[in-house]
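See structure below.
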Amino acid sequence: MQPNQPSPTSNLDLAAIRASPPPPAALRKAKEEDEWFASDRRKREHQREQGAKTIIHWAIQGNIIMAGIVIAICIGVRGFHLIAAEEWKWLTKEQVEVLDSLAKYAGSGAIGSLLTRYLTKNVDPGPPPRQ
């Protein structure tokens with residue numbers, strides 16, 4: 001052991017370098033502010049999440065409405081071509097077939113998949129029924 005180093009068993013007085021404890025009122029105020037900031041952060045995150053869900057909700061509803069309008073127009077034109085006189089018909093046989101296939105696609109694929117995906121994500125199944 002070197003002569004200038006204190007022995008490990010000697011008591012060192014560290015009171016001179018010890019920091020004073022924070023006042024209890026300031027500590028309480030800091031804890032309240034931390035809780036408020038955490039609460040505010042959770043609230044903003046929730047608002048952002050709900051805003052995104054609202055936009056997706058309106059977009060899906062808009063797609064469903066547009067597909068419904070397309071189907072209604074296709075059915076209307078097709079129905080008119082079935083019952084109208086020959087001189088009032090403006091579509092060729094190939095155009096009528098394209099109209100039929102468009103109505104089939106919009107009716108079965110687009111709306112069905114959109115509704116299925118939307119309802120499975122947004123409808124809560126709730127508790128299972130008791131038997």
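Just remember, in the structure tokens the first chain shown is A, the second B, etc., residues are 1-based per chain, and ligands are 1-based in the order shown.
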With DSSP run on the backbone, what are the alpha helix (DSSP H) residues within region 19-121 of chain A? I'd like them as a PyMOL selection string.
chain A and resi 24-83+93-104+111-121
Tell me which of A:Tyr105, A:Trp88, A:Phe37, A:Phe80 sits closest to Gly68 (chain A), counting only C-alpha atoms.
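Smallest distance to Gly68 (chain A) is found for A:Tyr105.
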